[in-house]
Structure formats: C-alpha cells, structure tokens
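Visitor: Below is the file protein_16.pdb, which contains PDB, C-alpha atoms and all ligand atoms.
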ATOM      1  CA  MET A   1      -1.966 -27.232  14.508  1.00  0.00           C
ATOM      2  CA  ARG A   2       1.730 -27.888  13.831  1.00  0.00           C
ATOM      3  CA  LEU A   3       3.776 -27.432  10.689  1.00  0.00           C
ATOM      4  CA  LEU A   4       5.846 -30.468   9.710  1.00  0.00           C
ATOM      5  CA  SER A   5       7.542 -29.581   6.450  1.00  0.00           C
ATOM      6  CA  LEU A   6       7.572 -27.389   3.371  1.00  0.00           C
ATOM      7  CA  GLU A   7       8.338 -28.645  -0.143  1.00  0.00           C
ATOM      8  CA  ILE A   8       9.280 -26.260  -2.943  1.00  0.00           C
ATOM      9  CA  GLU A   9       9.995 -27.176  -6.570  1.00  0.00           C
ATOM     10  CA  GLY A  10      10.282 -24.991  -9.676  1.00  0.00           C
ATOM     11  CA  PHE A  11       9.465 -21.888  -7.608  1.00  0.00           C
ATOM     12  CA  LYS A  12      11.721 -18.788  -7.890  1.00  0.00           C
ATOM     13  CA  SER A  13      15.304 -19.797  -7.004  1.00  0.00           C
ATOM     14  CA  PHE A  14      14.262 -23.383  -6.089  1.00  0.00           C
ATOM     15  CA  GLY A  15      14.637 -25.265  -9.379  1.00  0.00           C
ATOM     16  CA  ARG A  16      15.130 -28.636  -7.705  1.00  0.00           C
ATOM     17  CA  ARG A  17      12.693 -30.137  -5.193  1.00  0.00           C
ATOM     18  CA  THR A  18      13.761 -28.805  -1.790  1.00  0.00           C
ATOM     19  CA  VAL A  19      12.294 -29.975   1.515  1.00  0.00           C
ATOM     20  CA  PHE A  20      12.452 -27.936   4.751  1.00  0.00           C
ATOM     21  CA  ASN A  21      11.808 -29.617   8.067  1.00  0.00           C
ATOM     22  CA  LEU A  22       9.662 -27.201  10.120  1.00  0.00           C
ATOM     23  CA  ASP A  23       8.936 -29.461  13.074  1.00  0.00           C
ATOM     24  CA  LYS A  24      10.586 -27.189  15.669  1.00  0.00           C
ATOM     25  CA  ASN A  25       9.307 -24.311  17.802  1.00  0.00           C
ATOM     26  CA  ILE A  26      11.835 -21.818  16.468  1.00  0.00           C
ATOM     27  CA  ILE A  27      13.496 -22.076  13.072  1.00  0.00           C
ATOM     28  CA  ALA A  28      16.130 -19.674  11.783  1.00  0.00           C
ATOM     29  CA  ILE A  29      17.113 -19.661   8.142  1.00  0.00           C
ATOM     30  CA  ILE A  30      20.425 -18.015   7.472  1.00  0.00           C
ATOM     31  CA  GLY A  31      22.268 -17.368   4.224  1.00  0.00           C
ATOM     32  CA  PRO A  32      24.058 -14.700   2.209  1.00  0.00           C
ATOM     33  CA  ASN A  33      22.155 -11.851   0.534  1.00  0.00           C
ATOM     34  CA  GLY A  34      20.204 -13.062  -2.482  1.00  0.00           C
ATOM     35  CA  SER A  35      20.510 -16.735  -1.555  1.00  0.00           C
ATOM     36  CA  GLY A  36      16.718 -17.263  -1.460  1.00  0.00           C
ATOM     37  CA  LYS A  37      15.675 -16.828   2.206  1.00  0.00           C
ATOM     38  CA  SER A  38      12.756 -14.520   1.361  1.00  0.00           C
ATOM     39  CA  ASN A  39      11.769 -16.823  -1.513  1.00  0.00           C
ATOM     40  CA  ILE A  40      10.924 -19.460   1.119  1.00  0.00           C
ATOM     41  CA  VAL A  41       8.460 -17.063   2.760  1.00  0.00           C
ATOM     42  CA  ASP A  42       7.186 -16.033  -0.700  1.00  0.00           C
ATOM     43  CA  ALA A  43       6.496 -19.729  -1.397  1.00  0.00           C
ATOM     44  CA  ILE A  44       4.350 -20.006   1.754  1.00  0.00           C
ATOM     45  CA  ARG A  45       2.510 -16.758   0.956  1.00  0.00           C
ATOM     46  CA  TRP A  46       1.915 -17.940  -2.631  1.00  0.00           C
ATOM     47  CA  LEU A  47       0.580 -21.303  -1.470  1.00  0.00           C
ATOM     48  CA  LEU A  48      -1.796 -19.618   0.990  1.00  0.00           C
ATOM     49  CA  GLY A  49      -3.243 -17.451  -1.769  1.00  0.00           C
ATOM     50  CA  GLU A  50      -1.337 -14.178  -1.729  1.00  0.00           C
ATOM     51  CA  GLN A  51      -2.675 -12.283  -4.761  1.00  0.00           C
ATOM     52  CA  SER A  52      -0.553  -9.145  -4.556  1.00  0.00           C
ATOM     53  CA  GLN A  53       2.278  -9.158  -7.097  1.00  0.00           C
ATOM     54  CA  LYS A  54       3.989  -6.454  -5.019  1.00  0.00           C
ATOM     55  CA  GLN A  55       3.963  -8.709  -1.945  1.00  0.00           C
ATOM     56  CA  MET A  56       5.203 -11.591  -4.120  1.00  0.00           C
ATOM     57  CA  ARG A  57       7.902  -9.315  -5.593  1.00  0.00           C
ATOM     58  CA  ILE A  58       6.970 -10.203  -9.188  1.00  0.00           C
ATOM     59  CA  SER A  59       5.527  -8.354 -12.183  1.00  0.00           C
ATOM     60  CA  GLU A  60       3.765 -11.292 -13.859  1.00  0.00           C
ATOM     61  CA  LYS A  61       2.307 -14.410 -12.304  1.00  0.00           C
ATOM     62  CA  THR A  62       4.717 -16.656 -14.282  1.00  0.00           C
ATOM     63  CA  ASP A  63       7.714 -14.801 -12.750  1.00  0.00           C
ATOM     64  CA  ILE A  64       7.487 -17.280  -9.870  1.00  0.00           C
ATOM     65  CA  LEU A  65       8.581 -20.102 -12.229  1.00  0.00           C
ATOM     66  CA  PHE A  66      12.268 -20.996 -11.805  1.00  0.00           C
ATOM     67  CA  SER A  67      14.003 -19.179 -14.667  1.00  0.00           C
ATOM     68  CA  GLY A  68      16.943 -21.584 -14.985  1.00  0.00           C
ATOM     69  CA  SER A  69      20.605 -21.506 -13.990  1.00  0.00           C
ATOM     70  CA  ASN A  70      23.957 -22.585 -15.431  1.00  0.00           C
ATOM     71  CA  ASN A  71      23.314 -26.253 -14.689  1.00  0.00           C
ATOM     72  CA  LEU A  72      19.511 -26.493 -14.526  1.00  0.00           C
ATOM     73  CA  ASN A  73      16.855 -25.762 -17.169  1.00  0.00           C
ATOM     74  CA  SER A  74      13.990 -23.390 -16.400  1.00  0.00           C
ATOM     75  CA  SER A  75      10.816 -24.929 -14.951  1.00  0.00           C
ATOM     76  CA  ASN A  76       7.426 -25.124 -16.620  1.00  0.00           C
ATOM     77  CA  GLU A  77       5.700 -25.949 -13.363  1.00  0.00           C
ATOM     78  CA  ALA A  78       5.981 -24.609  -9.811  1.00  0.00           C
ATOM     79  CA  ARG A  79       4.757 -26.681  -6.880  1.00  0.00           C
ATOM     80  CA  VAL A  80       4.697 -25.692  -3.206  1.00  0.00           C
ATOM     81  CA  SER A  81       3.332 -27.936  -0.441  1.00  0.00           C
ATOM     82  CA  LEU A  82       2.974 -27.554   3.324  1.00  0.00           C
ATOM     83  CA  ILE A  83       2.542 -30.662   5.422  1.00  0.00           C
ATOM     84  CA  LEU A  84       0.938 -30.076   8.801  1.00  0.00           C
ATOM     85  CA  VAL A  85      -0.761 -31.861  11.644  1.00  0.00           C
ATOM     86  CA  ASN A  86      -4.224 -30.465  12.349  1.00  0.00           C
ATOM     87  CA  ASP A  87      -5.985 -30.156  15.720  1.00  0.00           C
ATOM     88  CA  ASP A  88      -7.421 -33.684  15.313  1.00  0.00           C
ATOM     89  CA  ASN A  89      -3.830 -34.993  15.036  1.00  0.00           C
ATOM     90  CA  LYS A  90      -4.333 -35.808  11.335  1.00  0.00           C
ATOM     91  CA  THR A  91      -1.579 -35.132   8.811  1.00  0.00           C
ATOM     92  CA  VAL A  92      -2.765 -32.859   5.986  1.00  0.00           C
ATOM     93  CA  LYS A  93      -0.857 -31.839   2.881  1.00  0.00           C
ATOM     94  CA  ILE A  94      -1.887 -28.619   1.154  1.00  0.00           C
ATOM     95  CA  SER A  95      -0.381 -27.778  -2.234  1.00  0.00           C
ATOM     96  CA  LYS A  96      -0.497 -25.224  -4.998  1.00  0.00           C
ATOM     97  CA  THR A  97       0.774 -25.660  -8.545  1.00  0.00           C
ATOM     98  CA  LEU A  98       1.137 -23.389 -11.534  1.00  0.00           C
ATOM     99  CA  GLU A  99       1.977 -24.680 -15.013  1.00  0.00           C
ATOM    100  CA  ARG A 100       3.106 -22.216 -17.672  1.00  0.00           C
ATOM    101  CA  ASN A 101       0.052 -21.221 -19.792  1.00  0.00           C
ATOM    102  CA  SER A 102      -2.299 -22.592 -17.165  1.00  0.00           C
ATOM    103  CA  TYR A 103      -3.880 -21.361 -13.957  1.00  0.00           C
ATOM    104  CA  ASN A 104      -3.231 -21.812 -10.227  1.00  0.00           C
ATOM    105  CA  LYS A 105      -4.460 -25.118  -8.836  1.00  0.00           C
ATOM    106  CA  TYR A 106      -4.954 -25.847  -5.132  1.00  0.00           C
ATOM    107  CA  TYR A 107      -5.021 -29.243  -3.434  1.00  0.00           C
ATOM    108  CA  VAL A 108      -5.812 -30.589   0.026  1.00  0.00           C
ATOM    109  CA  ASP A 109      -4.150 -34.005   0.177  1.00  0.00           C
ATOM    110  CA  SER A 110      -4.621 -35.159  -3.450  1.00  0.00           C
ATOM    111  CA  LYS A 111      -8.037 -33.579  -3.974  1.00  0.00           C
ATOM    112  CA  GLN A 112      -8.228 -30.414  -6.082  1.00  0.00           C
ATOM    113  CA  VAL A 113     -10.018 -27.686  -4.125  1.00  0.00           C
ATOM    114  CA  THR A 114     -10.736 -23.959  -4.306  1.00  0.00           C
ATOM    115  CA  LEU A 115      -8.465 -21.459  -2.557  1.00  0.00           C
ATOM    116  CA  LYS A 116     -11.204 -20.858   0.038  1.00  0.00           C
ATOM    117  CA  GLU A 117     -11.348 -24.588   0.819  1.00  0.00           C
ATOM    118  CA  LEU A 118      -7.558 -24.697   1.132  1.00  0.00           C
ATOM    119  CA  GLN A 119      -7.630 -21.710   3.496  1.00  0.00           C
ATOM    120  CA  SER A 120     -10.363 -23.335   5.575  1.00  0.00           C
ATOM    121  CA  VAL A 121      -7.788 -25.929   6.721  1.00  0.00           C
ATOM    122  CA  PHE A 122      -6.617 -23.103   9.018  1.00  0.00           C
ATOM    123  CA  ASP A 123      -9.030 -21.835  11.669  1.00  0.00           C
ATOM    124  CA  THR A 124      -7.867 -18.264  12.066  1.00  0.00           C
ATOM    125  CA  GLY A 125      -5.372 -15.711  10.940  1.00  0.00           C
ATOM    126  CA  ILE A 126      -5.009 -16.894   7.352  1.00  0.00           C
ATOM    127  CA  GLY A 127      -6.755 -14.675   4.874  1.00  0.00           C
ATOM    128  CA  LYS A 128      -6.039 -12.140   2.224  1.00  0.00           C
ATOM    129  CA  ASN A 129      -4.184  -9.961   4.744  1.00  0.00           C
ATOM    130  CA  PHE A 130      -2.845 -12.634   7.044  1.00  0.00           C
ATOM    131  CA  TYR A 131      -0.498 -11.433   9.786  1.00  0.00           C
ATOM    132  CA  SER A 132       0.858 -14.855  10.654  1.00  0.00           C
ATOM    133  CA  ILE A 133       3.600 -13.880   8.193  1.00  0.00           C
ATOM    134  CA  ILE A 134       5.315 -10.591   8.961  1.00  0.00           C
ATOM    135  CA  GLY A 135       7.520  -9.464   6.087  1.00  0.00           C
ATOM    136  CA  GLN A 136      10.571  -7.196   6.081  1.00  0.00           C
ATOM    137  CA  GLY A 137       9.495  -3.608   6.777  1.00  0.00           C
ATOM    138  CA  GLN A 138       6.012  -4.616   7.934  1.00  0.00           C
ATOM    139  CA  ILE A 139       6.805  -4.034  11.623  1.00  0.00           C
ATOM    140  CA  GLY A 140       7.742  -0.425  10.806  1.00  0.00           C
ATOM    141  CA  GLU A 141       4.486  -0.048   8.864  1.00  0.00           C
ATOM    142  CA  ILE A 142       2.485  -1.355  11.850  1.00  0.00           C
ATOM    143  CA  VAL A 143       4.296   0.948  14.319  1.00  0.00           C
ATOM    144  CA  ASN A 144       3.526   3.954  12.095  1.00  0.00           C
ATOM    145  CA  ALA A 145      -0.048   2.910  11.265  1.00  0.00           C
ATOM    146  CA  SER A 146      -3.035   5.121  12.166  1.00  0.00           C
ATOM    147  CA  PRO A 147      -5.354   3.936  14.992  1.00  0.00           C
ATOM    148  CA  GLU A 148      -7.929   2.961  12.356  1.00  0.00           C
ATOM    149  CA  ASP A 149      -5.362   0.880  10.416  1.00  0.00           C
ATOM    150  CA  ILE A 150      -4.281  -0.822  13.670  1.00  0.00           C
ATOM    151  CA  ARG A 151      -7.919  -1.641  14.407  1.00  0.00           C
ATOM    152  CA  ASN A 152      -8.253  -3.225  10.931  1.00  0.00           C
ATOM    153  CA  ILE A 153      -5.053  -5.232  11.496  1.00  0.00           C
ATOM    154  CA  VAL A 154      -6.440  -6.577  14.810  1.00  0.00           C
ATOM    155  CA  LEU A 155      -9.782  -7.389  13.122  1.00  0.00           C
ATOM    156  CA  ASP A 156      -7.950  -9.284  10.370  1.00  0.00           C
ATOM    157  CA  ALA A 157      -5.526 -11.103  12.654  1.00  0.00           C
ATOM    158  CA  SER A 158      -8.294 -12.249  15.000  1.00  0.00           C
ATOM    159  CA  ASN A 159     -10.409 -13.362  12.025  1.00  0.00           C
ATOM    160  CA  ILE A 160     -13.223 -10.996  13.117  1.00  0.00           C
ATOM    161  CA  ALA A 161     -13.028  -9.269   9.713  1.00  0.00           C
ATOM    162  CA  ASN A 162     -14.064 -12.572   8.148  1.00  0.00           C
ATOM    163  CA  TYR A 163     -17.205 -12.694  10.331  1.00  0.00           C
ATOM    164  CA  LEU A 164     -17.993  -9.025   9.585  1.00  0.00           C
ATOM    165  CA  GLU A 165     -17.802  -9.853   5.856  1.00  0.00           C
ATOM    166  CA  LYS A 166     -20.102 -12.865   6.367  1.00  0.00           C
ATOM    167  CA  LYS A 167     -22.499 -10.669   8.384  1.00  0.00           C
ATOM    168  CA  GLU A 168     -22.586  -8.086   5.571  1.00  0.00           C
ATOM    169  CA  ASN A 169     -23.295 -10.811   2.982  1.00  0.00           C
ATOM    170  CA  SER A 170     -26.108 -12.178   5.154  1.00  0.00           C
ATOM    171  CA  LEU A 171     -27.600  -8.698   5.644  1.00  0.00           C
ATOM    172  CA  ARG A 172     -27.527  -8.167   1.865  1.00  0.00           C
ATOM    173  CA  LEU A 173     -29.334 -11.515   1.352  1.00  0.00           C
ATOM    174  CA  LEU A 174     -31.880 -10.553   4.015  1.00  0.00           C
ATOM    175  CA  GLU A 175     -32.491  -7.218   2.304  1.00  0.00           C
ATOM    176  CA  LYS A 176     -33.028  -9.052  -1.035  1.00  0.00           C
ATOM    177  CA  ALA A 177     -35.430 -11.493   0.628  1.00  0.00           C
ATOM    178  CA  ASN A 178     -37.389  -8.563   2.121  1.00  0.00           C
ATOM    179  CA  VAL A 179     -37.692  -6.886  -1.296  1.00  0.00           C
ATOM    180  CA  ASN A 180     -38.914 -10.202  -2.774  1.00  0.00           C
ATOM    181  CA  LEU A 181     -41.432 -10.560   0.066  1.00  0.00           C
ATOM    182  CA  GLU A 182     -42.760  -7.068  -0.615  1.00  0.00           C
ATOM    183  CA  ARG A 183     -43.160  -7.936  -4.299  1.00  0.00           C
ATOM    184  CA  ILE A 184     -45.060 -11.129  -3.441  1.00  0.00           C
ATOM    185  CA  ASN A 185     -47.319  -9.128  -1.112  1.00  0.00           C
ATOM    186  CA  ASP A 186     -47.986  -6.649  -3.964  1.00  0.00           C
ATOM    187  CA  VAL A 187     -48.981  -9.522  -6.286  1.00  0.00           C
ATOM    188  CA  LEU A 188     -51.147 -11.085  -3.583  1.00  0.00           C
ATOM    189  CA  PHE A 189     -52.827  -7.734  -3.024  1.00  0.00           C
ATOM    190  CA  ILE A 190     -53.581  -7.377  -6.758  1.00  0.00           C
ATOM    191  CA  VAL A 191     -54.962 -10.966  -6.913  1.00  0.00           C
ATOM    192  CA  ASP A 192     -57.177 -10.253  -3.877  1.00  0.00           C
TER
HETATM  193  P1  LIG A 201      18.377 -10.734   1.314  1.00  0.00           P
HETATM  194  O1  LIG A 201      19.131 -11.306   2.467  1.00  0.00           O
HETATM  195  O2  LIG A 201      19.157  -9.760   0.521  1.00  0.00           O
HETATM  196  O3  LIG A 201      16.991 -10.248   1.663  1.00  0.00           O
HETATM  197  P2  LIG A 201      17.374 -13.320   0.364  1.00  0.00           P
HETATM  198  O4  LIG A 201      18.237 -14.453   0.828  1.00  0.00           O
HETATM  199  O5  LIG A 201      16.090 -13.105   1.085  1.00  0.00           O
HETATM  200  O6  LIG A 201      18.197 -11.970   0.260  1.00  0.00           O
HETATM  201  P3  LIG A 201      15.740 -13.670  -1.953  1.00  0.00           P
HETATM  202  O7  LIG A 201      15.177 -12.317  -2.142  1.00  0.00           O
HETATM  203  O8  LIG A 201      14.866 -14.719  -1.338  1.00  0.00           O
HETATM  204  O9  LIG A 201      17.121 -13.590  -1.189  1.00  0.00           O
HETATM  205  O10 LIG A 201      16.224 -14.291  -3.348  1.00  0.00           O
HETATM  206  C1  LIG A 201      16.678 -13.495  -4.378  1.00  0.00           C
HETATM  207  C2  LIG A 201      17.241 -14.436  -5.427  1.00  0.00           C
HETATM  208  O11 LIG A 201      16.201 -15.197  -6.012  1.00  0.00           O
HETATM  209  C3  LIG A 201      17.913 -13.646  -6.539  1.00  0.00           C
HETATM  210  O12 LIG A 201      19.180 -14.218  -6.767  1.00  0.00           O
HETATM  211  C4  LIG A 201      17.018 -13.886  -7.741  1.00  0.00           C
HETATM  212  O13 LIG A 201      17.734 -13.966  -8.940  1.00  0.00           O
HETATM  213  C5  LIG A 201      16.419 -15.242  -7.403  1.00  0.00           C
HETATM  214  N1  LIG A 201      15.137 -15.426  -8.092  1.00  0.00           N
HETATM  215  C6  LIG A 201      14.000 -14.724  -7.940  1.00  0.00           C
HETATM  216  N2  LIG A 201      13.054 -15.173  -8.792  1.00  0.00           N
HETATM  217  C7  LIG A 201      13.634 -16.187  -9.496  1.00  0.00           C
HETATM  218  C8  LIG A 201      13.173 -17.048 -10.544  1.00  0.00           C
HETATM  219  N3  LIG A 201      11.929 -16.964 -11.037  1.00  0.00           N
HETATM  220  N4  LIG A 201      14.030 -17.968 -11.025  1.00  0.00           N
HETATM  221  C9  LIG A 201      15.274 -18.099 -10.529  1.00  0.00           C
HETATM  222  N5  LIG A 201      15.778 -17.308  -9.557  1.00  0.00           N
HETATM  223  C10 LIG A 201      14.960 -16.354  -9.044  1.00  0.00           C
END
Now, as a test, write the supplied structure out as structure tokens.
Ligand code: ATP
Guide:
Amino acid sequence: MRLLSLEIEGFKSFGRRTVFNLDKNIIAIIGPNGSGKSNIVDAIRWLLGEQSQKQMRISEKTDILFSGSNNLNSSNEARVSLILVNDDNKTVKISKTLERNSYNKYYVDSKQVTLKELQSVFDTGIGKNFYSIIGQGQIGEIVNASPEDIRNIVLDASNIANYLEKKENSLRLLEKANVNLERINDVLFIVD
C-alpha cells in the first residue's frame, strides 16, 4: 500500500483546499512555529477515526472547523481525503467530512461507509491506538512505559489486539449459545 496524496479543506488552519503530494519514501514538512505542520498530522488522525479530543488538541468536535482569517471566512464544513494505492494496485480515496451541526461522515471512494469499513481499507496497524503515527512526546512516553504497557503497544501495532477483541466477542457469543442450549434442554426435559 502506498500513499499518493492528502487533501485538506476547512480543517483547522487549512481554510482553502490544500493538496500534499505524498508519493515519496521520505517526506519532510518544514515551517515556522504555529504554521500548521502538526495540523497536517491531526488531519490524518481525524480522518482515520481518532476520537480523543486531547490527541486532536481540541475541546469540542467543531473546533476542527477553520475559524477564519483576515482574508477568508470561517468554514462550515471540513473535508480530509487520503488517496492511496492498495495492494491490488487500485487507487482508493478515503474521506471524512464534518458539517457544522451535523455528524462525522466517512467515505471510501464516493460511497458513504462506517468508520470500521473505512479502517478496513488498511490491513494492519490502524486502529483506535494506531502507532503508524507517532506524535510529539510519544517516543518519550514509549521509552518510559512499563513492560505491560510496551506489551500492549506491540499487541496494538501488530494488530493482534484486534484479534484478541474478536476472540473475546466470539467467546461471549459461544457462552450465550451454551446458556440458550441449556434452556432448550430444560424445556425438552419438561416436555419429555
Ligand atoms: P510547532 O512547530 O510550534 O509545533 P506547528 O507548525 O506544528 O507548530 P500547528 O500546531 O499545526 O503548528 O498549528 C497551530 C496553528 O493552527 C495556530 O496558529 C492555530 O491558530 C491554528 N489553528 C488551530 N485550529 C484552528 C482552526 N480551527 N481554525 C484556524 N486556525 C487554527
């Protein structure tokens, strides 16, 4: 899977539609303090479903809407899209939008999907605690983490946590099915 480009419009400091070409192995974004470098990473996190307002550096979900500048009105809609080439060499565009007074909407190509469906475009490493994006200060946190925390980070990053969650859900369903079976056996016994 390769990233091709990122489009941001109406999101944080990006009032106008801005397109970043990501089709290189290493990309460095440089700029003065407060010029919006971290907002680019925030846009990717937001698109991929980051729910933590602390991680997004906002206090309300509408704080991500461009609040206006001297020569540009504030935005009523934010839109972030990533265009990538998947393992089958097909170009896929994933997008997220938020209109003021509405709710987050996710798209794969032009089809509206759930966040889970959007995340399933990626095979591994993208989840609620994805480590494919390492934010400022996170390396320090990892270095100082307890062995148990490090184990959880590895489980998350390798997508094993996802399978453990699925296993737990399946075990719960199995348990429910067993209870139902017992009940049916009770009824059968009474009928006998
Ligand atoms: P540093 O190098 O200091 O980490 P940076 O380049 O990463 O800075 P960001 O944190 O990405 O900068 O951007 C901060 C800027 O984004 C601030 O000027 C802030 O006013 C602006 N900003 C944040 N949210 C919005 C918004 N909703 N509307 C308009 N501008 C916003």
Visitor: Using all atoms listed in the file - which residues lie no farther than 9 Å from the point (-4.5, -26.5, 0.7) in the file's frame? Write them as a list in words.
Guide: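 Every polymer residue passing the test: Leu47, Leu48, Ser81, Leu82, Val92, Lys93, Ile94, Ser95, Lys96, Tyr106, Tyr107, Val108, Asp109, Gln112, Val113, Thr114, Leu115, Lys116, Glu117, Leu118, Gln119, Ser120 and Val121 of chain A.
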Visitor: Which residue, A:Leu65, A:Ile8, A:Ala28, A:Leu174, has the smallest gap to ligand LIG 201 (chain A) when you use all atoms listed in the file?
Guide: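 Of all the options, A:Leu65 lies closest to ligand LIG 201 (chain A).
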Visitor: Show me, as AutoDock Vina command-line options, the centre and edge lengths in Å to one decimal of the axis-aligned box that covers every listed atom of region 19-35 of chain A with 5 Å on each side.
Guide:
--center_x 16.5 --center_y -20.9 --center_z 7.7 --size_x 25.1 --size_y 28.1 --size_z 30.3
Visitor: Residue by residue, what does the PyMOL selection byres (((not hetatm)) within 7 of (chain A and resi 201)) grab here? Present the result as a PDB file with C-alpha atoms, in the coordinates of the input.
Guide:
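Saved result, selection.pdb, follows:
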ATOM      1  CA  PHE A  11       9.465 -21.888  -7.608  1.00  0.00           C
ATOM      2  CA  LYS A  12      11.721 -18.788  -7.890  1.00  0.00           C
ATOM      3  CA  SER A  13      15.304 -19.797  -7.004  1.00  0.00           C
ATOM      4  CA  PHE A  14      14.262 -23.383  -6.089  1.00  0.00           C
ATOM      5  CA  GLY A  31      22.268 -17.368   4.224  1.00  0.00           C
ATOM      6  CA  PRO A  32      24.058 -14.700   2.209  1.00  0.00           C
ATOM      7  CA  ASN A  33      22.155 -11.851   0.534  1.00  0.00           C
ATOM      8  CA  GLY A  34      20.204 -13.062  -2.482  1.00  0.00           C
ATOM      9  CA  SER A  35      20.510 -16.735  -1.555  1.00  0.00           C
ATOM     10  CA  GLY A  36      16.718 -17.263  -1.460  1.00  0.00           C
ATOM     11  CA  LYS A  37      15.675 -16.828   2.206  1.00  0.00           C
ATOM     12  CA  SER A  38      12.756 -14.520   1.361  1.00  0.00           C
ATOM     13  CA  ASN A  39      11.769 -16.823  -1.513  1.00  0.00           C
ATOM     14  CA  ILE A  40      10.924 -19.460   1.119  1.00  0.00           C
ATOM     15  CA  ASP A  63       7.714 -14.801 -12.750  1.00  0.00           C
ATOM     16  CA  ILE A  64       7.487 -17.280  -9.870  1.00  0.00           C
ATOM     17  CA  LEU A  65       8.581 -20.102 -12.229  1.00  0.00           C
ATOM     18  CA  PHE A  66      12.268 -20.996 -11.805  1.00  0.00           C
ATOM     19  CA  SER A  67      14.003 -19.179 -14.667  1.00  0.00           C
ATOM     20  CA  GLY A  68      16.943 -21.584 -14.985  1.00  0.00           C
TER      21      GLY A  68
END
Visitor: Counting all atoms listed in the file, which of A:Lys111, A:Lys167, A:Lys105, A:Arg2 gets nearest to Val85 (chain A)?
Guide: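 For Val85 (chain A), the nearest of the given residues is A:Arg2.
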Visitor: Excluding Val19 (chain A) and its own-chain neighbours fewer than 5 positions away, which residues fall within 8 Å of it when counting all atoms listed in the file? Please give them as a PDB file with C-alpha atoms, keeping the file's coordinate frame.
Guide:
ATOM      1  CA  SER A   5       7.542 -29.581   6.450  1.00  0.00           C
ATOM      2  CA  LEU A   6       7.572 -27.389   3.371  1.00  0.00           C
ATOM      3  CA  GLU A   7       8.338 -28.645  -0.143  1.00  0.00           C
ATOM      4  CA  ILE A   8       9.280 -26.260  -2.943  1.00  0.00           C
TER       5      ILE A   8
END
Visitor: Between CA of Ala161 (chain A) and CA of Glu148 (chain A), measure the distance and give it in Å to one decimal.
Guide: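 Interatomic distance here is 13.5 Å.
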Visitor: Provide the CA of Thr97 (chain A) to CA of Ala78 (chain A) distance in Å, to one decimal place.
Guide: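 A separation of 5.5 Å between them.
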